[in-house]
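Q: Here you go, upload-v3.pdb (PDB, C-alpha atoms, pLDDT in the B column):
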```pdb
ATOM      1  CA  MET A   1      15.213  -0.966   0.789  1.00 61.00           C
ATOM      2  CA  LEU A   2      11.916   0.923   0.667  1.00 69.00           C
ATOM      3  CA  ASP A   3      12.307   1.747   4.355  1.00 68.00           C
ATOM      4  CA  VAL A   4      14.998   4.274   3.459  1.00 69.00           C
ATOM      5  CA  PHE A   5      12.590   6.266   1.277  1.00 73.00           C
ATOM      6  CA  ILE A   6       9.258   5.614   2.975  1.00 79.00           C
ATOM      7  CA  THR A   7       9.901   5.969   6.671  1.00 80.00           C
ATOM      8  CA  SER A   8       6.388   5.192   7.910  1.00 88.00           C
ATOM      9  CA  ARG A   9       6.212   1.402   8.384  1.00 92.00           C
ATOM     10  CA  VAL A  10       2.422   1.369   8.014  1.00 95.00           C
ATOM     11  CA  ARG A  11       2.452   3.554   4.887  1.00 95.00           C
ATOM     12  CA  ARG A  12       5.162   1.363   3.369  1.00 93.00           C
ATOM     13  CA  LYS A  13       3.138  -1.809   3.962  1.00 95.00           C
ATOM     14  CA  ILE A  14       0.037  -0.205   2.445  1.00 96.00           C
ATOM     15  CA  ILE A  15       1.899   1.027  -0.637  1.00 95.00           C
ATOM     16  CA  VAL A  16       3.469  -2.400  -1.163  1.00 94.00           C
ATOM     17  CA  ILE A  17       0.080  -4.145  -1.017  1.00 96.00           C
ATOM     18  CA  TYR A  18      -1.685  -1.742  -3.374  1.00 96.00           C
ATOM     19  CA  ALA A  19       1.252  -1.441  -5.812  1.00 95.00           C
ATOM     20  CA  LYS A  20       1.870  -5.184  -5.935  1.00 94.00           C
ATOM     21  CA  TYR A  21      -1.837  -6.023  -6.294  1.00 95.00           C
ATOM     22  CA  PRO A  22      -3.422  -3.094  -8.186  1.00 95.00           C
ATOM     23  CA  ASP A  23      -6.879  -4.733  -8.319  1.00 97.00           C
ATOM     24  CA  PHE A  24      -6.934  -5.237  -4.539  1.00 95.00           C
ATOM     25  CA  LYS A  25      -9.861  -3.632  -2.699  1.00 97.00           C
ATOM     26  CA  THR A  26     -10.470  -3.668   1.026  1.00 96.00           C
ATOM     27  CA  HIS A  27     -11.713  -1.725   4.006  1.00 96.00           C
ATOM     28  CA  VAL A  28      -9.669  -0.569   6.995  1.00 96.00           C
ATOM     29  CA  ARG A  29     -10.331  -3.613   9.191  1.00 95.00           C
ATOM     30  CA  GLY A  30      -9.555  -6.083   6.391  1.00 96.00           C
ATOM     31  CA  LEU A  31      -6.267  -4.348   5.686  1.00 97.00           C
ATOM     32  CA  ALA A  32      -5.443  -4.226   9.421  1.00 97.00           C
ATOM     33  CA  LYS A  33      -5.900  -7.976   9.625  1.00 96.00           C
ATOM     34  CA  LEU A  34      -3.787  -8.553   6.512  1.00 96.00           C
ATOM     35  CA  ILE A  35      -0.787  -6.414   7.463  1.00 96.00           C
ATOM     36  CA  LYS A  36      -1.149  -6.862  11.233  1.00 96.00           C
ATOM     37  CA  GLU A  37      -1.186  -3.171  12.109  1.00 97.00           C
ATOM     38  CA  ASP A  38      -3.481  -0.949  14.170  1.00 96.00           C
ATOM     39  CA  ALA A  39      -6.656   0.065  12.307  1.00 96.00           C
ATOM     40  CA  GLY A  40      -6.336   3.676  13.518  1.00 96.00           C
ATOM     41  CA  ASN A  41      -2.869   4.044  12.026  1.00 96.00           C
ATOM     42  CA  ILE A  42      -4.008   2.378   8.825  1.00 97.00           C
ATOM     43  CA  GLN A  43      -6.999   4.680   8.504  1.00 96.00           C
ATOM     44  CA  ARG A  44      -4.786   7.749   8.892  1.00 95.00           C
ATOM     45  CA  GLU A  45      -2.370   6.509   6.204  1.00 96.00           C
ATOM     46  CA  LEU A  46      -5.192   5.505   3.836  1.00 97.00           C
ATOM     47  CA  LYS A  47      -6.606   9.033   4.089  1.00 96.00           C
ATOM     48  CA  ARG A  48      -3.182  10.510   3.310  1.00 95.00           C
ATOM     49  CA  LEU A  49      -2.680   8.215   0.330  1.00 96.00           C
ATOM     50  CA  GLU A  50      -6.175   9.007  -0.933  1.00 96.00           C
ATOM     51  CA  LYS A  51      -5.563  12.749  -0.549  1.00 95.00           C
ATOM     52  CA  VAL A  52      -2.446  12.600  -2.767  1.00 94.00           C
ATOM     53  CA  GLY A  53      -4.300  10.447  -5.317  1.00 96.00           C
ATOM     54  CA  PHE A  54      -2.576   7.074  -4.926  1.00 96.00           C
ATOM     55  CA  LEU A  55      -5.785   5.475  -3.612  1.00 97.00           C
ATOM     56  CA  THR A  56      -9.463   5.959  -4.326  1.00 97.00           C
ATOM     57  CA  SER A  57     -12.367   5.020  -2.121  1.00 97.00           C
ATOM     58  CA  GLU A  58     -16.042   4.247  -2.477  1.00 97.00           C
ATOM     59  CA  ARG A  59     -18.797   3.691   0.017  1.00 96.00           C
ATOM     60  CA  GLN A  60     -20.321   0.239   0.219  1.00 95.00           C
ATOM     61  CA  GLY A  61     -23.106   0.573   2.750  1.00 94.00           C
ATOM     62  CA  ASN A  62     -21.525   2.194   5.771  1.00 94.00           C
ATOM     63  CA  THR A  63     -18.041   0.887   4.910  1.00 95.00           C
ATOM     64  CA  LYS A  64     -15.377   2.751   2.930  1.00 97.00           C
ATOM     65  CA  VAL A  65     -13.498   0.486   0.516  1.00 97.00           C
ATOM     66  CA  TYR A  66     -10.092   1.566  -0.802  1.00 98.00           C
ATOM     67  CA  SER A  67      -8.505   0.619  -4.109  1.00 97.00           C
ATOM     68  CA  THR A  68      -5.487   1.611  -6.184  1.00 97.00           C
ATOM     69  CA  ASN A  69      -5.808   4.595  -8.484  1.00 97.00           C
ATOM     70  CA  LYS A  70      -4.097   3.172 -11.552  1.00 96.00           C
ATOM     71  CA  GLN A  71      -4.279   6.644 -13.133  1.00 96.00           C
ATOM     72  CA  PHE A  72      -2.016   8.078 -10.404  1.00 96.00           C
ATOM     73  CA  PRO A  73       0.742   9.906 -12.350  1.00 95.00           C
ATOM     74  CA  ILE A  74       3.618   7.845 -10.921  1.00 94.00           C
ATOM     75  CA  PHE A  75       1.751   4.584 -10.319  1.00 95.00           C
ATOM     76  CA  ARG A  76       3.760   2.497 -12.819  1.00 95.00           C
ATOM     77  CA  GLU A  77       7.063   3.843 -11.518  1.00 94.00           C
ATOM     78  CA  LEU A  78       6.052   3.238  -7.905  1.00 93.00           C
ATOM     79  CA  GLN A  79       4.872  -0.260  -8.757  1.00 95.00           C
ATOM     80  CA  SER A  80       8.194  -0.960 -10.470  1.00 94.00           C
ATOM     81  CA  ILE A  81      10.143   0.277  -7.430  1.00 92.00           C
ATOM     82  CA  VAL A  82       8.088  -1.918  -5.093  1.00 91.00           C
ATOM     83  CA  LEU A  83       8.568  -5.021  -7.229  1.00 91.00           C
ATOM     84  CA  LYS A  84      12.305  -4.398  -7.673  1.00 91.00           C
ATOM     85  CA  SER A  85      12.844  -3.788  -3.961  1.00 87.00           C
ATOM     86  CA  GLN A  86      11.017  -7.003  -3.109  1.00 81.00           C
ATOM     87  CA  ARG A  87      13.115  -8.979  -5.590  1.00 79.00           C
ATOM     88  CA  THR A  88      16.287  -7.444  -4.134  1.00 74.00           C
ATOM     89  CA  ALA A  89      15.221  -8.317  -0.584  1.00 69.00           C
ATOM     90  CA  GLN A  90      14.361 -11.852  -1.679  1.00 68.00           C
ATOM     91  CA  GLN A  91      17.746 -12.284  -3.390  1.00 70.00           C
ATOM     92  CA  LYS A  92      19.540 -11.073  -0.257  1.00 72.00           C
ATOM     93  CA  ARG A  93      17.684 -13.678   1.827  1.00 71.00           C
ATOM     94  CA  VAL A  94      18.616 -16.452  -0.611  1.00 71.00           C
ATOM     95  CA  THR A  95      22.290 -15.525  -0.944  1.00 71.00           C
ATOM     96  CA  GLY A  96      22.836 -14.906   2.629  1.00 63.00           C
TER      97      GLY A  96
END
```
Any chance you could give the structure as structure tokens?

A:
Amino acid sequence: MLDVFITSRVRRKIIVIYAKYPDFKTHVRGLAKLIKEDAGNIQRELKRLEKVGFLTSERQGNTKVYSTNKQFPIFRELQSIVLKSQRTAQQKRVTG
């Protein structure tokens, strides 16, 4: 269902991870391994999501680690949409 509103597959996967697990922190390569997408595409989307305020980042040595900005104005609403869409998808798989 989210694919109708968020057309970028990589961005959608990133938003789902960070909305579903708001305390999750990782770097580009770790996220690439988790969601099985190209690190270059992930890095581009992480920068976009950081620019709009959904994510924050901090330097740990020479690595940039991204985390959810829980103060993002629509974070709770976005989180609710993600969780509802996952429940709907799960129910569709169960019922057929």

Q: Quick one: residues within 8 Å of stretch 48-55 of chain A, only C-alpha atoms, excluding same-chain residues fewer than 4 positions away - as a list in words?

A: Arg44, Tyr66, Ser67, Thr68, Asn69, Lys70, Phe72 and Phe75 of chain A

Q: For the PyMOL selection byres ((chain A and resi 78) around 12), applied here, can you spell out every residue it catches as a ChimeraX atom specification?

A: /A:2,5-6,12,15-20,22,54,68-70,72-77,79-85

Q: Set up a box along x, y and z of the file covering all listed atoms of stretch 62-74 of chain A, add 4 Å on every one of the six sides, and write the centre and edge lengths in Å to one decimal, as lines of an AutoDock Vina configuration file.

A:
```
center_x = -9.0
center_y = 5.2
center_z = -3.7
size_x = 33.1
size_y = 17.4
size_z = 26.9
```

Q: Considering only C-alpha atoms, state which residue in the set A:Thr56, A:Glu45, A:Thr63, A:Asp23 is at the smallest distance from A:Ser8.

A: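 Closest to A:Ser8 of all the choices is A:Glu45.
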
Q: Write out as a count of residues only the residues lying within 12 Å of A:Gly30, counting all atoms listed in the file and excluding same-chain residues fewer than 2 positions away.

A: 20

Q: To one decimal in Å, tell me the separation between atom CA of A:Tyr21 and atom CA of A:Gln86.

A: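 Between these atoms lies a distance of 13.3 Å.
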
Q: What gap, in Å, lies between atom CA of A:Thr7 and atom CA of A:Thr88?

A: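 Between atom CA of A:Thr7 and atom CA of A:Thr88 the gap works out to 18.4 Å.
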
Q: Just to confirm, what's the straight-line distance from atom CA of A:Arg87 to atom CA of A:Arg11 in Å (one decimal)?

A: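 Those two atoms sit 19.5 Å apart.
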
Q: Of the candidates A:Lys13, A:Asn62, A:Gln71, A:Lys92, which shows the shortest atom-to-atom distance to A:Asn41, using all atoms listed in the file?

A: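 Nearest candidate to A:Asn41 out of A:Lys13, A:Asn62, A:Gln71, A:Lys92: A:Lys13.
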
Q: Using the structure block above, produce a file of chain A that contains C-alpha atoms, as a PDB file, in the first residue's frame.

A:
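The result, written out as out.pdb:
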```
ATOM      1  CA  MET A   1       0.000   0.000   0.000  1.00  0.00           C
ATOM      2  CA  LEU A   2       2.831   2.425   0.746  1.00  0.00           C
ATOM      3  CA  ASP A   3       4.124   1.929  -2.792  1.00  0.00           C
ATOM      4  CA  VAL A   4       1.247   4.042  -4.091  1.00  0.00           C
ATOM      5  CA  PHE A   5       2.352   7.053  -2.033  1.00  0.00           C
ATOM      6  CA  ILE A   6       6.109   6.544  -1.839  1.00  0.00           C
ATOM      7  CA  THR A   7       7.194   5.563  -5.311  1.00  0.00           C
ATOM      8  CA  SER A   8      10.909   5.119  -4.615  1.00  0.00           C
ATOM      9  CA  ARG A   9      11.388   1.488  -3.523  1.00  0.00           C
ATOM     10  CA  VAL A  10      14.603   2.305  -1.650  1.00  0.00           C
ATOM     11  CA  ARG A  11      13.102   5.330   0.125  1.00  0.00           C
ATOM     12  CA  ARG A  12      10.062   3.265   1.097  1.00  0.00           C
ATOM     13  CA  LYS A  13      12.226   0.522   2.616  1.00  0.00           C
ATOM     14  CA  ILE A  14      14.261   3.094   4.550  1.00  0.00           C
ATOM     15  CA  ILE A  15      11.173   4.868   5.893  1.00  0.00           C
ATOM     16  CA  VAL A  16       9.634   1.558   6.968  1.00  0.00           C
ATOM     17  CA  ILE A  17      12.773   0.545   8.886  1.00  0.00           C
ATOM     18  CA  TYR A  18      13.214   3.870  10.672  1.00  0.00           C
ATOM     19  CA  ALA A  19       9.485   4.368  11.388  1.00  0.00           C
ATOM     20  CA  LYS A  20       8.986   0.817  12.634  1.00  0.00           C
ATOM     21  CA  TYR A  21      12.153   0.869  14.764  1.00  0.00           C
ATOM     22  CA  PRO A  22      12.629   4.498  15.895  1.00  0.00           C
ATOM     23  CA  ASP A  23      15.699   3.686  18.032  1.00  0.00           C
ATOM     24  CA  PHE A  24      17.470   2.015  15.097  1.00  0.00           C
ATOM     25  CA  LYS A  25      20.864   3.474  14.164  1.00  0.00           C
ATOM     26  CA  THR A  26      23.090   2.362  11.325  1.00  0.00           C
ATOM     27  CA  HIS A  27      25.488   3.446   8.628  1.00  0.00           C
ATOM     28  CA  VAL A  28      24.981   3.163   4.871  1.00  0.00           C
ATOM     29  CA  ARG A  29      26.650  -0.238   4.452  1.00  0.00           C
ATOM     30  CA  GLY A  30      24.765  -1.777   7.387  1.00  0.00           C
ATOM     31  CA  LEU A  31      21.465  -0.574   5.980  1.00  0.00           C
ATOM     32  CA  ALA A  32      22.413  -1.820   2.488  1.00  0.00           C
ATOM     33  CA  LYS A  33      23.020  -5.275   3.905  1.00  0.00           C
ATOM     34  CA  LEU A  34      19.746  -5.216   5.847  1.00  0.00           C
ATOM     35  CA  ILE A  35      17.439  -4.116   3.029  1.00  0.00           C
ATOM     36  CA  LYS A  36      19.476  -5.673   0.206  1.00  0.00           C
ATOM     37  CA  GLU A  37      19.799  -2.525  -1.886  1.00  0.00           C
ATOM     38  CA  ASP A  38      22.712  -0.686  -3.493  1.00  0.00           C
ATOM     39  CA  ALA A  39      24.674   1.464  -1.021  1.00  0.00           C
ATOM     40  CA  GLY A  40      24.832   4.361  -3.509  1.00  0.00           C
ATOM     41  CA  ASN A  41      21.056   4.515  -3.823  1.00  0.00           C
ATOM     42  CA  ILE A  42      20.675   4.218  -0.070  1.00  0.00           C
ATOM     43  CA  GLN A  43      23.131   7.031   0.562  1.00  0.00           C
ATOM     44  CA  ARG A  44      21.244   9.326  -1.813  1.00  0.00           C
ATOM     45  CA  GLU A  45      17.911   8.575  -0.101  1.00  0.00           C
ATOM     46  CA  LEU A  46      19.388   8.948   3.400  1.00  0.00           C
ATOM     47  CA  LYS A  47      20.662  12.410   2.450  1.00  0.00           C
ATOM     48  CA  ARG A  48      17.214  13.371   1.146  1.00  0.00           C
ATOM     49  CA  LEU A  49      15.487  12.104   4.278  1.00  0.00           C
ATOM     50  CA  GLU A  50      18.012  13.916   6.464  1.00  0.00           C
ATOM     51  CA  LYS A  51      17.532  17.145   4.497  1.00  0.00           C
ATOM     52  CA  VAL A  52      13.754  17.120   5.123  1.00  0.00           C
ATOM     53  CA  GLY A  53      14.318  16.300   8.808  1.00  0.00           C
ATOM     54  CA  PHE A  54      13.054  12.715   9.037  1.00  0.00           C
ATOM     55  CA  LEU A  55      16.555  11.428   9.854  1.00  0.00           C
ATOM     56  CA  THR A  56      19.499  12.814  11.773  1.00  0.00           C
ATOM     57  CA  SER A  57      23.112  11.794  11.477  1.00  0.00           C
ATOM     58  CA  GLU A  58      26.250  11.899  13.566  1.00  0.00           C
ATOM     59  CA  ARG A  59      29.850  11.112  12.826  1.00  0.00           C
ATOM     60  CA  GLN A  60      31.399   8.140  14.571  1.00  0.00           C
ATOM     61  CA  GLY A  61      35.016   8.173  13.479  1.00  0.00           C
ATOM     62  CA  ASN A  62      34.923   8.400   9.712  1.00  0.00           C
ATOM     63  CA  THR A  63      31.465   6.794   9.490  1.00  0.00           C
ATOM     64  CA  LYS A  64      28.141   8.646   9.352  1.00  0.00           C
ATOM     65  CA  VAL A  65      25.441   6.960  11.438  1.00  0.00           C
ATOM     66  CA  TYR A  66      21.777   7.729  10.738  1.00  0.00           C
ATOM     67  CA  SER A  67      18.896   7.609  13.195  1.00  0.00           C
ATOM     68  CA  THR A  68      15.240   8.614  13.316  1.00  0.00           C
ATOM     69  CA  ASN A  69      14.402  12.182  14.248  1.00  0.00           C
ATOM     70  CA  LYS A  70      11.532  11.519  16.633  1.00  0.00           C
ATOM     71  CA  GLN A  71      10.881  15.281  16.727  1.00  0.00           C
ATOM     72  CA  PHE A  72      10.053  15.298  12.992  1.00  0.00           C
ATOM     73  CA  PRO A  73       6.662  17.088  12.801  1.00  0.00           C
ATOM     74  CA  ILE A  74       4.802  14.164  11.203  1.00  0.00           C
ATOM     75  CA  PHE A  75       6.832  11.306  12.685  1.00  0.00           C
ATOM     76  CA  ARG A  76       3.972   9.788  14.723  1.00  0.00           C
ATOM     77  CA  GLU A  77       1.575   9.982  11.785  1.00  0.00           C
ATOM     78  CA  LEU A  78       4.125   8.454   9.418  1.00  0.00           C
ATOM     79  CA  GLN A  79       4.894   5.712  11.916  1.00  0.00           C
ATOM     80  CA  SER A  80       1.177   4.974  12.243  1.00  0.00           C
ATOM     81  CA  ILE A  81       0.776   4.768   8.453  1.00  0.00           C
ATOM     82  CA  VAL A  82       3.727   2.378   8.168  1.00  0.00           C
ATOM     83  CA  LEU A  83       2.424   0.096  10.909  1.00  0.00           C
ATOM     84  CA  LYS A  84      -1.128   0.097   9.516  1.00  0.00           C
ATOM     85  CA  SER A  85       0.050  -0.635   5.978  1.00  0.00           C
ATOM     86  CA  GLN A  86       2.156  -3.538   7.217  1.00  0.00           C
ATOM     87  CA  ARG A  87      -0.778  -4.976   9.162  1.00  0.00           C
ATOM     88  CA  THR A  88      -2.994  -4.632   6.078  1.00  0.00           C
ATOM     89  CA  ALA A  89      -0.416  -6.377   3.885  1.00  0.00           C
ATOM     90  CA  GLN A  90      -0.042  -9.137   6.469  1.00  0.00           C
ATOM     91  CA  GLN A  91      -3.820  -9.639   6.669  1.00  0.00           C
ATOM     92  CA  LYS A  92      -4.040  -9.869   2.874  1.00  0.00           C
ATOM     93  CA  ARG A  93      -1.370 -12.596   2.872  1.00  0.00           C
ATOM     94  CA  VAL A  94      -3.222 -14.564   5.556  1.00  0.00           C
ATOM     95  CA  THR A  95      -6.676 -14.305   3.983  1.00  0.00           C
ATOM     96  CA  GLY A  96      -5.567 -14.984   0.554  1.00  0.00           C
TER      97      GLY A  96
END
```
